[in-house]
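Colleague: Have a peek at query_22.cif (mmCIF, C-alpha atoms).
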```
data_run
loop_
_atom_site.label_atom_id
_atom_site.label_comp_id
_atom_site.auth_asym_id
_atom_site.auth_seq_id
_atom_site.Cartn_x
_atom_site.Cartn_y
_atom_site.Cartn_z
CA MET Z 1 7.87 5.29 -24.36
CA SER Z 2 5.16 7.34 -22.66
CA MET Z 3 1.55 7.35 -23.74
CA PRO Z 4 0.84 10.28 -26.07
CA SER Z 5 -0.98 13.27 -24.63
CA ASP Z 6 -3.43 15.50 -26.47
CA THR Z 7 -2.80 18.43 -24.14
CA ASP Z 8 0.06 20.49 -22.78
CA ARG Z 9 -1.82 21.06 -19.52
CA LYS Z 10 0.40 20.71 -16.45
CA PRO Z 11 -0.98 19.92 -13.00
CA ALA Z 12 -1.26 22.93 -10.71
CA LEU Z 13 1.56 21.45 -8.67
CA PHE Z 14 4.00 22.18 -11.48
CA GLY Z 15 2.53 25.46 -12.60
CA SER Z 16 4.72 28.19 -11.13
CA GLY Z 17 8.19 26.70 -10.86
CA ASP Z 18 7.95 26.89 -7.05
CA THR Z 19 9.57 23.84 -5.52
CA GLY Z 20 7.91 24.23 -2.11
CA PHE Z 21 5.29 21.85 -0.73
CA ASP Z 22 2.10 23.83 -1.31
CA VAL Z 23 -0.91 21.77 -0.22
CA ASN Z 24 -3.38 24.23 -1.69
CA ARG Z 25 -1.81 23.83 -5.10
CA ILE Z 26 -1.81 20.08 -4.69
CA LYS Z 27 -5.48 20.07 -3.65
CA ALA Z 28 -6.30 21.88 -6.90
CA ASP Z 29 -5.16 18.82 -8.86
CA PHE Z 30 -7.80 16.57 -7.25
CA PRO Z 31 -11.24 17.28 -8.73
CA ILE Z 32 -13.08 15.16 -6.18
CA LEU Z 33 -11.97 17.50 -3.40
CA ARG Z 34 -13.94 20.39 -4.92
CA GLN Z 35 -17.28 18.83 -4.11
CA LYS Z 36 -19.40 19.22 -1.01
CA VAL Z 37 -20.60 16.26 1.03
CA ASN Z 38 -23.78 16.77 3.04
CA GLY Z 39 -23.47 20.50 2.48
CA HIS Z 40 -19.88 20.74 3.75
CA ARG Z 41 -16.53 20.82 1.99
CA LEU Z 42 -15.09 17.35 1.63
CA VAL Z 43 -12.38 16.58 4.15
CA TYR Z 44 -10.97 13.27 2.97
CA LEU Z 45 -9.13 11.43 5.75
CA ASP Z 46 -9.34 7.84 4.48
CA SER Z 47 -6.30 7.55 2.23
CA ALA Z 48 -5.00 4.46 4.03
CA ALA Z 49 -8.01 2.68 2.53
CA SER Z 50 -7.72 4.30 -0.90
CA SER Z 51 -6.23 7.59 -2.03
CA GLN Z 52 -7.86 10.14 -4.31
CA LYS Z 53 -6.64 10.63 -7.89
CA PRO Z 54 -5.13 13.74 -9.46
CA GLN Z 55 -6.47 14.97 -12.79
CA ALA Z 56 -3.32 13.71 -14.52
CA VAL Z 57 -4.20 10.11 -13.62
CA ILE Z 58 -7.84 10.55 -14.62
CA ASP Z 59 -6.73 12.05 -17.95
CA ALA Z 60 -4.35 9.13 -18.53
CA LEU Z 61 -7.21 6.64 -18.18
CA ASP Z 62 -9.30 8.65 -20.63
CA ARG Z 63 -6.43 8.93 -23.13
CA TYR Z 64 -5.77 5.21 -23.00
CA TYR Z 65 -9.35 4.27 -23.81
CA SER Z 66 -9.90 7.06 -26.33
CA GLN Z 67 -6.58 6.84 -28.20
CA ILE Z 68 -4.72 3.51 -27.88
CA ASN Z 69 -7.09 0.90 -26.42
CA ALA Z 70 -5.76 -2.51 -27.53
CA ASN Z 71 -4.46 -5.71 -26.03
CA ILE Z 72 -0.75 -5.88 -25.28
CA HIS Z 73 2.24 -8.04 -26.23
CA ARG Z 74 0.39 -10.12 -28.81
CA GLY Z 75 -0.53 -7.64 -31.53
CA LEU Z 76 1.64 -6.36 -34.36
CA HIS Z 77 -0.63 -3.46 -35.24
CA THR Z 78 0.04 0.14 -34.22
CA LEU Z 79 -2.43 0.41 -31.33
CA SER Z 80 -1.21 -2.82 -29.73
CA GLU Z 81 2.40 -1.68 -30.01
CA LYS Z 82 1.54 1.68 -28.39
CA ALA Z 83 -0.38 -0.03 -25.59
CA THR Z 84 2.47 -2.47 -24.99
CA ALA Z 85 5.03 0.33 -24.88
CA ALA Z 86 2.95 2.33 -22.38
CA TYR Z 87 2.35 -0.75 -20.19
CA GLU Z 88 6.04 -1.70 -20.13
CA ASN Z 89 6.97 1.92 -19.47
CA THR Z 90 5.11 1.66 -16.15
CA ARG Z 91 7.00 -1.54 -15.35
CA GLU Z 92 10.29 0.29 -15.85
CA HIS Z 93 9.00 3.25 -13.83
CA SER Z 94 7.92 0.98 -10.95
CA ALA Z 95 11.37 -0.60 -10.93
CA ARG Z 96 13.01 2.83 -10.62
CA PHE Z 97 10.55 3.94 -7.94
CA ILE Z 98 11.60 1.24 -5.45
CA GLY Z 99 15.33 1.73 -5.80
CA GLY Z 100 16.34 0.86 -9.35
CA VAL Z 101 15.68 -2.87 -9.60
CA LYS Z 102 15.45 -4.84 -12.85
CA PRO Z 103 12.16 -4.25 -14.74
CA GLU Z 104 11.77 -8.01 -15.25
CA GLU Z 105 11.58 -8.35 -11.46
CA ILE Z 106 8.33 -6.33 -11.42
CA ILE Z 107 5.14 -8.40 -11.58
CA PHE Z 108 1.80 -6.63 -12.04
CA THR Z 109 -1.11 -8.04 -10.04
CA ASN Z 110 -4.57 -6.75 -9.14
CA GLY Z 111 -3.32 -5.42 -5.81
CA ALA Z 112 -0.94 -6.03 -2.92
CA THR Z 113 -3.31 -8.70 -1.65
CA GLU Z 114 -2.94 -10.78 -4.80
CA ALA Z 115 0.80 -10.14 -4.81
CA ILE Z 116 1.12 -11.68 -1.33
CA ASN Z 117 -1.15 -14.56 -2.30
CA LEU Z 118 1.03 -15.17 -5.35
CA VAL Z 119 4.09 -15.56 -3.15
CA ALA Z 120 2.23 -17.77 -0.66
CA SER Z 121 0.85 -20.02 -3.38
CA SER Z 122 3.87 -20.20 -5.67
CA TRP Z 123 6.97 -19.80 -3.51
CA GLY Z 124 5.27 -21.03 -0.34
CA GLY Z 125 3.71 -24.04 -2.02
CA GLN Z 126 7.12 -25.04 -3.29
CA ASN Z 127 9.28 -24.25 -0.25
CA ILE Z 128 7.20 -24.58 2.94
CA GLY Z 129 6.92 -28.04 4.45
CA GLU Z 130 5.71 -29.79 7.58
CA GLY Z 131 7.21 -28.30 10.73
CA ASP Z 132 8.59 -25.23 8.98
CA GLU Z 133 7.95 -21.86 10.61
CA ILE Z 134 6.49 -18.67 9.17
CA VAL Z 135 6.99 -15.55 11.28
CA ILE Z 136 4.52 -12.66 11.09
CA THR Z 137 3.67 -9.80 13.46
CA GLU Z 138 0.66 -9.05 15.61
CA MET Z 139 -0.06 -5.89 13.61
CA GLU Z 140 -0.47 -7.47 10.17
CA HIS Z 141 -3.31 -6.61 7.81
CA HIS Z 142 -5.32 -9.72 6.97
CA ALA Z 143 -3.77 -9.66 3.48
CA ASN Z 144 -0.38 -10.47 5.04
CA LEU Z 145 -1.78 -12.86 7.62
CA VAL Z 146 -4.53 -15.05 6.14
CA PRO Z 147 -2.43 -16.41 3.22
CA TRP Z 148 0.23 -17.61 5.65
CA VAL Z 149 -2.28 -19.14 8.05
CA ILE Z 150 -3.94 -21.03 5.18
CA LEU Z 151 -0.55 -22.14 3.81
CA ALA Z 152 0.54 -23.32 7.25
CA GLN Z 153 -2.66 -25.32 7.68
CA ARG Z 154 -2.22 -26.92 4.28
CA LYS Z 155 1.45 -27.72 4.78
CA LYS Z 156 1.31 -28.50 8.52
CA ALA Z 157 3.71 -25.65 9.15
CA VAL Z 158 3.76 -23.33 12.17
CA VAL Z 159 2.89 -19.61 12.26
CA LYS Z 160 4.76 -17.63 14.91
CA ARG Z 161 4.22 -13.99 15.71
CA ILE Z 162 6.28 -11.05 16.91
CA PRO Z 163 4.40 -9.31 19.77
CA LEU Z 164 3.95 -5.59 20.35
CA THR Z 165 5.20 -3.12 22.91
CA PRO Z 166 2.60 -1.03 24.80
CA ASP Z 167 3.17 1.88 22.39
CA GLY Z 168 2.48 -0.23 19.30
CA GLN Z 169 5.98 -1.07 18.08
CA LEU Z 170 7.43 -4.52 17.53
CA ASP Z 171 8.75 -6.10 20.71
CA LEU Z 172 12.07 -7.60 19.61
CA THR Z 173 13.17 -8.61 23.10
CA ASP Z 174 12.86 -12.32 22.30
CA ILE Z 175 13.35 -12.06 18.55
CA GLU Z 176 16.29 -14.50 18.52
CA ASN Z 177 13.91 -17.20 19.79
CA ILE Z 178 11.17 -16.26 17.31
CA VAL Z 179 13.25 -16.17 14.13
CA THR Z 180 15.32 -19.36 14.23
CA PRO Z 181 16.90 -21.88 11.84
CA ARG Z 182 13.42 -23.43 11.54
CA THR Z 183 12.07 -20.20 10.06
CA LYS Z 184 11.48 -20.28 6.30
CA LEU Z 185 9.84 -16.87 5.88
CA VAL Z 186 9.36 -13.61 7.77
CA ALA Z 187 6.34 -11.61 6.55
CA VAL Z 188 6.04 -8.08 7.91
CA GLY Z 189 4.15 -4.92 7.11
CA HIS Z 190 6.57 -2.09 6.34
CA MET Z 191 4.06 0.35 7.87
CA SER Z 192 0.95 -0.56 9.89
CA ASN Z 193 -2.42 0.46 8.48
CA VAL Z 194 -3.78 0.77 12.04
CA LEU Z 195 -0.92 1.92 14.26
CA GLY Z 196 1.05 3.82 11.65
CA THR Z 197 4.17 2.10 12.99
CA ILE Z 198 7.15 1.92 10.64
CA ASN Z 199 8.74 -1.45 11.28
CA PRO Z 200 12.49 -2.22 11.33
CA VAL Z 201 12.41 -4.20 8.10
CA GLN Z 202 16.14 -4.01 7.49
CA ARG Z 203 16.95 -5.51 10.89
CA LEU Z 204 14.40 -8.28 10.38
CA ALA Z 205 15.82 -8.98 6.93
CA GLU Z 206 19.31 -9.39 8.37
CA LEU Z 207 18.02 -11.76 11.04
CA ALA Z 208 15.96 -13.77 8.54
CA HIS Z 209 18.91 -14.21 6.20
CA LYS Z 210 21.20 -15.11 9.10
CA ASN Z 211 18.87 -18.04 9.76
CA GLY Z 212 18.55 -19.04 6.12
CA ALA Z 213 15.03 -17.60 5.72
CA LEU Z 214 13.53 -15.15 3.26
CA ILE Z 215 11.56 -11.99 4.07
CA LEU Z 216 8.50 -10.40 2.49
CA ALA Z 217 7.58 -6.79 3.26
CA ASP Z 218 4.02 -5.57 2.66
CA GLY Z 219 4.58 -2.02 1.44
CA ALA Z 220 0.95 -1.10 0.78
CA GLN Z 221 1.08 1.68 3.40
CA ALA Z 222 4.77 2.59 3.17
CA ALA Z 223 5.34 2.97 -0.58
CA PRO Z 224 2.86 5.87 -0.91
CA HIS Z 225 4.39 7.88 1.92
CA MET Z 226 8.16 7.46 2.07
CA PRO Z 227 11.18 6.65 -0.11
CA VAL Z 228 11.58 2.90 -0.61
CA ASP Z 229 14.74 1.12 -1.71
CA VAL Z 230 14.19 -2.63 -1.61
CA LYS Z 231 17.88 -3.37 -2.03
CA GLN Z 232 18.73 -1.20 0.97
CA LEU Z 233 15.97 -2.84 2.99
CA GLY Z 234 17.44 -6.23 2.11
CA VAL Z 235 14.06 -7.86 1.46
CA ASP Z 236 13.38 -10.73 -0.93
CA PHE Z 237 9.77 -9.80 -1.78
CA TYR Z 238 8.06 -6.40 -1.67
CA THR Z 239 4.44 -5.60 -2.50
CA PHE Z 240 2.36 -2.43 -2.93
CA SER Z 241 -0.90 -1.17 -4.46
CA ALA Z 242 -1.47 1.63 -6.97
CA HIS Z 243 -4.78 2.81 -5.51
CA LYS Z 244 -3.18 3.82 -2.21
CA MET Z 245 -0.65 6.05 -4.00
CA LEU Z 246 -2.81 8.18 -6.32
CA GLY Z 247 -3.20 5.47 -8.96
CA PRO Z 248 -6.18 3.46 -10.21
CA THR Z 249 -7.74 0.53 -8.40
CA GLY Z 250 -7.02 -3.00 -9.59
CA VAL Z 251 -3.24 -2.60 -9.95
CA GLY Z 252 -0.66 -4.06 -7.60
CA VAL Z 253 3.07 -4.69 -7.78
CA LEU Z 254 5.14 -7.61 -6.60
CA TRP Z 255 8.90 -7.22 -6.65
CA ALA Z 256 11.07 -10.25 -6.06
CA ARG Z 257 14.66 -11.14 -6.81
CA GLN Z 258 14.90 -12.55 -10.32
CA GLU Z 259 16.39 -15.89 -9.25
CA LEU Z 260 13.42 -16.44 -6.93
CA LEU Z 261 10.91 -15.64 -9.65
CA GLU Z 262 12.64 -17.92 -12.12
CA ALA Z 263 12.48 -20.82 -9.66
CA MET Z 264 8.83 -20.25 -8.72
CA PRO Z 265 5.99 -22.01 -10.59
CA PRO Z 266 3.21 -19.91 -12.17
CA TYR Z 267 0.39 -18.63 -9.99
CA ASN Z 268 -2.25 -18.49 -12.75
CA THR Z 269 -2.18 -20.17 -16.13
CA GLY Z 270 -3.63 -19.32 -19.52
CA GLY Z 271 -2.69 -16.96 -22.29
CA GLU Z 272 0.46 -14.86 -22.45
CA MET Z 273 2.33 -16.70 -19.68
CA ILE Z 274 3.37 -19.61 -21.89
CA ARG Z 275 6.19 -20.19 -24.36
CA GLU Z 276 4.88 -23.33 -26.05
CA VAL Z 277 1.81 -25.51 -25.57
CA SER Z 278 0.92 -28.96 -26.81
CA PHE Z 279 -1.54 -31.56 -25.58
CA GLU Z 280 1.32 -33.22 -23.74
CA THR Z 281 3.56 -30.43 -22.43
CA VAL Z 282 3.61 -26.76 -21.51
CA THR Z 283 6.65 -24.51 -21.14
CA TRP Z 284 6.51 -21.13 -19.42
CA ALA Z 285 7.45 -17.71 -20.71
CA ASP Z 286 10.31 -15.82 -19.09
CA VAL Z 287 9.66 -13.61 -16.08
CA PRO Z 288 7.82 -11.36 -15.62
CA HIS Z 289 5.33 -12.70 -18.17
CA LYS Z 290 5.23 -16.15 -16.52
CA PHE Z 291 3.18 -14.56 -13.73
CA GLU Z 292 0.86 -12.36 -15.80
CA ALA Z 293 -1.68 -14.72 -17.34
CA GLY Z 294 -4.51 -13.32 -19.44
CA THR Z 295 -5.37 -9.72 -20.22
CA PRO Z 296 -4.28 -7.50 -17.33
CA ASN Z 297 -5.67 -4.14 -16.20
CA ILE Z 298 -3.82 -2.38 -19.00
CA ALA Z 299 -5.47 1.02 -18.57
CA GLY Z 300 -4.83 0.98 -14.83
CA VAL Z 301 -1.17 0.06 -15.22
CA VAL Z 302 -0.67 2.73 -17.89
CA ALA Z 303 -2.30 5.41 -15.69
CA PHE Z 304 -0.22 4.30 -12.69
CA HIS Z 305 2.79 5.76 -14.51
CA GLU Z 306 1.21 9.22 -14.08
CA ALA Z 307 0.65 8.61 -10.37
CA LEU Z 308 4.30 7.68 -9.89
CA SER Z 309 5.36 10.74 -11.86
CA TYR Z 310 3.13 12.96 -9.71
CA LEU Z 311 4.62 11.62 -6.48
CA GLU Z 312 8.16 12.00 -7.81
CA ALA Z 313 7.44 15.57 -8.90
CA ILE Z 314 6.58 16.41 -5.30
CA GLY Z 315 9.49 14.31 -4.02
CA MET Z 316 9.15 11.30 -1.74
CA ASP Z 317 11.44 12.93 0.83
CA LYS Z 318 9.14 15.97 0.93
CA ILE Z 319 6.09 13.74 1.16
CA ARG Z 320 7.64 12.06 4.19
CA GLU Z 321 8.49 15.41 5.78
CA HIS Z 322 4.92 16.61 5.23
CA ALA Z 323 3.59 13.40 6.79
CA ILE Z 324 5.73 13.80 9.90
CA ALA Z 325 4.72 17.44 10.40
CA LEU Z 326 1.01 16.90 9.78
CA THR Z 327 0.84 13.68 11.81
CA GLY Z 328 2.48 15.44 14.72
CA TYR Z 329 -0.03 18.28 14.47
CA ALA Z 330 -2.91 15.80 14.32
CA ILE Z 331 -1.71 13.80 17.32
CA ASP Z 332 -1.18 16.94 19.39
CA SER Z 333 -4.61 18.27 18.41
CA LEU Z 334 -6.45 15.04 19.15
CA LEU Z 335 -4.75 14.53 22.50
CA LYS Z 336 -6.12 17.88 23.68
CA LEU Z 337 -9.51 16.15 23.75
CA ASP Z 338 -10.26 14.42 27.05
CA ARG Z 339 -11.01 10.70 27.09
CA LEU Z 340 -9.57 10.12 23.63
CA GLU Z 341 -6.92 7.43 23.15
CA ILE Z 342 -4.55 7.14 20.18
CA GLN Z 343 -3.12 3.75 19.23
CA GLY Z 344 0.49 3.39 18.16
CA PRO Z 345 3.59 5.54 18.69
CA LEU Z 346 2.97 9.20 19.50
CA ASP Z 347 6.30 10.24 17.99
CA PRO Z 348 5.49 11.10 14.34
CA THR Z 349 9.02 10.21 13.21
CA LEU Z 350 8.29 6.57 14.13
CA ARG Z 351 5.07 6.28 12.18
CA GLY Z 352 2.99 7.22 9.17
CA GLY Z 353 -0.21 9.22 9.01
CA ALA Z 354 -2.74 6.47 9.75
CA ILE Z 355 -4.02 7.57 13.16
CA SER Z 356 -6.38 5.17 14.94
CA PHE Z 357 -8.18 6.43 18.01
CA THR Z 358 -11.09 5.73 20.31
CA ASP Z 359 -13.41 7.99 22.25
CA ALA Z 360 -14.30 6.61 25.67
CA ASP Z 361 -17.96 7.58 25.24
CA ILE Z 362 -18.74 7.25 21.52
CA HIS Z 363 -18.53 4.10 19.40
CA PRO Z 364 -16.26 4.49 16.34
CA HIS Z 365 -19.15 3.71 13.97
CA ASP Z 366 -21.30 6.44 15.52
CA LEU Z 367 -18.38 8.84 15.37
CA SER Z 368 -17.72 8.06 11.70
CA THR Z 369 -21.39 8.49 10.78
CA PHE Z 370 -21.61 11.86 12.50
CA LEU Z 371 -18.37 13.07 10.91
CA ASP Z 372 -19.71 12.10 7.50
CA SER Z 373 -22.69 14.37 8.11
CA ARG Z 374 -20.11 17.16 8.40
CA GLY Z 375 -18.34 16.16 5.17
CA ILE Z 376 -15.44 14.40 6.92
CA ALA Z 377 -14.49 10.93 5.65
CA ILE Z 378 -12.72 8.64 8.12
CA ARG Z 379 -12.67 4.87 8.63
CA ALA Z 380 -14.22 2.92 11.50
CA GLY Z 381 -13.96 -0.79 12.31
CA HIS Z 382 -11.26 -3.40 12.74
CA HIS Z 383 -9.40 -2.25 9.58
CA CYS Z 384 -8.80 -5.83 8.40
CA ALA Z 385 -6.63 -6.45 11.47
CA GLN Z 386 -8.76 -8.43 13.91
CA PRO Z 387 -5.84 -10.12 15.76
CA LEU Z 388 -4.33 -6.68 16.33
CA MET Z 389 -7.63 -5.37 17.68
CA ARG Z 390 -7.76 -8.24 20.14
CA ALA Z 391 -4.18 -7.48 21.21
CA LEU Z 392 -5.17 -3.84 21.76
CA GLY Z 393 -8.31 -4.84 23.65
CA LYS Z 394 -10.49 -3.00 21.14
CA VAL Z 395 -13.52 -4.07 19.15
CA ALA Z 396 -12.97 -1.26 16.67
CA THR Z 397 -11.25 2.09 16.29
CA ALA Z 398 -11.82 5.25 14.30
CA ARG Z 399 -9.02 6.02 11.86
CA ALA Z 400 -8.06 9.28 10.20
CA SER Z 401 -5.38 8.78 7.57
CA LEU Z 402 -3.47 11.61 5.94
CA TYR Z 403 -1.90 12.22 2.55
CA VAL Z 404 -0.36 14.88 0.33
CA TYR Z 405 -3.64 16.79 -0.13
CA ASN Z 406 -4.34 17.15 3.60
CA ASP Z 407 -3.39 20.12 5.75
CA GLU Z 408 -3.84 21.56 9.23
CA ALA Z 409 -7.27 22.94 8.28
CA ASP Z 410 -8.43 19.35 7.67
CA ILE Z 411 -7.20 18.34 11.13
CA ASP Z 412 -8.91 21.35 12.69
CA ALA Z 413 -12.16 20.37 10.96
CA LEU Z 414 -11.83 16.84 12.34
CA VAL Z 415 -11.24 18.01 15.91
CA ASP Z 416 -14.08 20.55 15.76
CA ALA Z 417 -16.45 17.86 14.46
CA ILE Z 418 -15.48 15.48 17.28
CA LYS Z 419 -16.33 18.23 19.73
CA GLN Z 420 -19.70 18.66 17.98
CA VAL Z 421 -20.50 14.95 18.12
CA ARG Z 422 -19.66 14.90 21.83
CA SER Z 423 -22.05 17.79 22.35
CA TYR Z 424 -24.68 15.99 20.26
CA PHE Z 425 -24.41 12.86 22.43
CA GLY Z 426 -24.23 14.92 25.62
CA VAL Z 427 -20.76 13.78 26.67
#
```
Could you write out this structure as structure tokens?

Modeller:
Amino acid sequence: MSMPSDTDRKPALFGSGDTGFDVNRIKADFPILRQKVNGHRLVYLDSAASSQKPQAVIDALDRYYSQINANIHRGLHTLSEKATAAYENTREHSARFIGGVKPEEIIFTNGATEAINLVASSWGGQNIGEGDEIVITEMEHHANLVPWVILAQRKKAVVKRIPLTPDGQLDLTDIENIVTPRTKLVAVGHMSNVLGTINPVQRLAELAHKNGALILADGAQAAPHMPVDVKQLGVDFYTFSAHKMLGPTGVGVLWARQELLEAMPPYNTGGEMIREVSFETVTWADVPHKFEAGTPNIAGVVAFHEALSYLEAIGMDKIREHAIALTGYAIDSLLKLDRLEIQGPLDPTLRGGAISFTDADIHPHDLSTFLDSRGIAIRAGHHCAQPLMRALGKVATARASLYVYNDEADIDALVDAIKQVRSYFGV
């Protein structure tokens, strides 16, 4: 059951019946892109941090609060039943979006970070012991690194890492000696937020299972940009965040195989996640509710349904094709600038649209500040990947990250502004 709408308005994307990928029509659905920043049109190139929201998602938030605002699952009145139906509709939609898994295998969290922490605390606390090995990669975001380091310290386990090749891909030369029968878990980013690298998750899943281990894939960067089928990938856990894929902040998804979820203890406790409580005993509710204690971000989850619908209306295959074409154009354009270095694979078919780069003469923070004065939003820093920065020999990088509402004109504006900042600094 979808949340009721008080309007027949369709996003511009769906307005003409044209099935082509028209970025100008897509841009029209994002009200924030109409504004000027520091007197210039906004060129938003920071979607790897958080994407912008189409009007359909903004309208869904407004409709929820103005028409059906109520707590879910517990109420028998009309508003509560409508809110529950809309919330569970997004659970079913999320299950379809990642390959048609069971809705009860979808756990809503406050983001991919909490989803990974849930697995580390619940499954890891129950299954990792002294001397066990957890395998991660050198390119992991802190969200898929720190929980495993903390767990290993607490359990006296060992964290091993898969190194990188010079072009920013995983070096699997010695992988048979990294993933071994002592391995209990492989945790890998499906797509790097710094390098853009798309990792060979399916191969790692096969190797993990061959050695009796499980595998978690952090899909925060991949799920927004490419088709994902968790069953085809062969993973045991998969996580992603709504705010990186046109949805609201404060909503994340953990998918795990049902038998794993049923065996795992709760992560948080309180209301909703219990079946029966006395002063002596507590029994848990069935999954997924066992892992969703308290009142969740109902409005955000409900609006996330619209974000998923928007992406599906474009088509995830087309989104991936657009990313490859635009990333290739961006890499080619940036490499025409002398003394500029791009991190990660230069082949756009091997990567996503998060493009990290450094200028030999201008610090990334100075570059980002100057670009902002021209209305161009990029990221600068270590991007929550300090071990990766050390492996790259960098203190920080600038990062331009692309999405469905970006086009070649945005890349041209970026390159022109870099030329201006070089002129400004006399380099």

Colleague: For this file, the PyMOL selection byres ((chain Z and resi 357) around 7) selects which residues, as a ChimeraX atom specification?

Modeller: /Z:340-343,355-356,358-359,397-399

Colleague: Fewer than 5 positions away in the same chain doesn't count, so skip those; otherwise give me all residues within 8 Å of Z:Ile68, counting all atoms listed in the file, as a ChimeraX atom specification.

Modeller: /Z:63,79-80,82-83

Colleague: Which is closest to Z:Arg25 among Z:Pro54, Z:Thr173, Z:Thr113, Z:Tyr267, if we use all atoms listed in the file?

Modeller: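 So, comparing all the options, the nearest one is Z:Pro54.
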
Colleague: Using only C-alpha atoms for the distances, tell me which of Z:Thr249, Z:Asp332, Z:His93, Z:Ile376 is nearest to Z:Leu311.

Modeller: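 For Z:Leu311, the nearest of the candidates is Z:His93.
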
Colleague: Care to translate the PyMOL selection byres ((chain Z and resi 138) around 12) into actual residues of this file, as a ChimeraX atom specification?

Modeller: /Z:135-137,139-142,144-145,159-165,168-171,187-189,192,194-195,197,199,385-392

Colleague: Can I get the selected residues back with C-alpha atoms, as a PDB file, in the coordinates of the input?

Modeller:
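Dumped everything to out-v6.pdb:
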```
ATOM      1  CA  VAL Z 135       6.990 -15.550  11.280  1.00  0.00           C
ATOM      2  CA  ILE Z 136       4.520 -12.660  11.090  1.00  0.00           C
ATOM      3  CA  THR Z 137       3.670  -9.800  13.460  1.00  0.00           C
ATOM      4  CA  MET Z 139      -0.060  -5.890  13.610  1.00  0.00           C
ATOM      5  CA  GLU Z 140      -0.470  -7.470  10.170  1.00  0.00           C
ATOM      6  CA  HIS Z 141      -3.310  -6.610   7.810  1.00  0.00           C
ATOM      7  CA  HIS Z 142      -5.320  -9.720   6.970  1.00  0.00           C
ATOM      8  CA  ASN Z 144      -0.380 -10.470   5.040  1.00  0.00           C
ATOM      9  CA  LEU Z 145      -1.780 -12.860   7.620  1.00  0.00           C
ATOM     10  CA  VAL Z 159       2.890 -19.610  12.260  1.00  0.00           C
ATOM     11  CA  LYS Z 160       4.760 -17.630  14.910  1.00  0.00           C
ATOM     12  CA  ARG Z 161       4.220 -13.990  15.710  1.00  0.00           C
ATOM     13  CA  ILE Z 162       6.280 -11.050  16.910  1.00  0.00           C
ATOM     14  CA  PRO Z 163       4.400  -9.310  19.770  1.00  0.00           C
ATOM     15  CA  LEU Z 164       3.950  -5.590  20.350  1.00  0.00           C
ATOM     16  CA  THR Z 165       5.200  -3.120  22.910  1.00  0.00           C
ATOM     17  CA  GLY Z 168       2.480  -0.230  19.300  1.00  0.00           C
ATOM     18  CA  GLN Z 169       5.980  -1.070  18.080  1.00  0.00           C
ATOM     19  CA  LEU Z 170       7.430  -4.520  17.530  1.00  0.00           C
ATOM     20  CA  ASP Z 171       8.750  -6.100  20.710  1.00  0.00           C
ATOM     21  CA  ALA Z 187       6.340 -11.610   6.550  1.00  0.00           C
ATOM     22  CA  VAL Z 188       6.040  -8.080   7.910  1.00  0.00           C
ATOM     23  CA  GLY Z 189       4.150  -4.920   7.110  1.00  0.00           C
ATOM     24  CA  SER Z 192       0.950  -0.560   9.890  1.00  0.00           C
ATOM     25  CA  VAL Z 194      -3.780   0.770  12.040  1.00  0.00           C
ATOM     26  CA  LEU Z 195      -0.920   1.920  14.260  1.00  0.00           C
ATOM     27  CA  THR Z 197       4.170   2.100  12.990  1.00  0.00           C
ATOM     28  CA  ASN Z 199       8.740  -1.450  11.280  1.00  0.00           C
ATOM     29  CA  ALA Z 385      -6.630  -6.450  11.470  1.00  0.00           C
ATOM     30  CA  GLN Z 386      -8.760  -8.430  13.910  1.00  0.00           C
ATOM     31  CA  PRO Z 387      -5.840 -10.120  15.760  1.00  0.00           C
ATOM     32  CA  LEU Z 388      -4.330  -6.680  16.330  1.00  0.00           C
ATOM     33  CA  MET Z 389      -7.630  -5.370  17.680  1.00  0.00           C
ATOM     34  CA  ARG Z 390      -7.760  -8.240  20.140  1.00  0.00           C
ATOM     35  CA  ALA Z 391      -4.180  -7.480  21.210  1.00  0.00           C
ATOM     36  CA  LEU Z 392      -5.170  -3.840  21.760  1.00  0.00           C
TER      37      LEU Z 392
END
```

Colleague: Can you report as lines of an AutoDock Vina configuration file the centre and edge lengths in Å, to one decimal, of an axis-aligned box around the listed atoms of stretch 406-421 of chain Z padded with 3 Å on each side?

Modeller:
```
center_x = -11.9
center_y = 18.9
center_z = 11.7
size_x = 23.1
size_y = 14.0
size_z = 22.1
```

Colleague: Produce a table with one row for each residue of stretch 351-414 of chain Z that has an atom at most 12 Å from any atom of stretch 234-248 of chain Z, each row naming the nearest atom pair and its distance in Å at one decimal; use only C-alpha atoms; arrange rows by chain and rising residue number; format as JSON lines.

Modeller:
```
{"residue": "Z:Ser401", "atom": "CA", "partner": "Z:Lys244", "partner_atom": "CA", "distance": 11.2}
{"residue": "Z:Leu402", "atom": "CA", "partner": "Z:Lys244", "partner_atom": "CA", "distance": 11.3}
{"residue": "Z:Tyr403", "atom": "CA", "partner": "Z:Met245", "partner_atom": "CA", "distance": 9.1}
{"residue": "Z:Val404", "atom": "CA", "partner": "Z:Leu246", "partner_atom": "CA", "distance": 9.8}
{"residue": "Z:Tyr405", "atom": "CA", "partner": "Z:Leu246", "partner_atom": "CA", "distance": 10.6}
```

Colleague: At a cut-off of 9 Å, using all atoms listed in the file, what residues contact Z:Glu88? Leave out same-chain residues fewer than 4 positions from it and give the result as a count of residues only.

Modeller: 8

Colleague: Quote the spacing between atom CA of Z:Ala417 and atom CA of Z:Ser368 in Å to one decimal place.

Modeller: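 Interatomic distance here is 10.3 Å.
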
Colleague: Please list as a ChimeraX atom specification every residue within 12 Å of stretch 69-76 of chain Z, counting only C-alpha atoms and excluding residues in the same chain fewer than 2 positions away.

Modeller: /Z:3,60-67,78-88,271-273,289,292-302
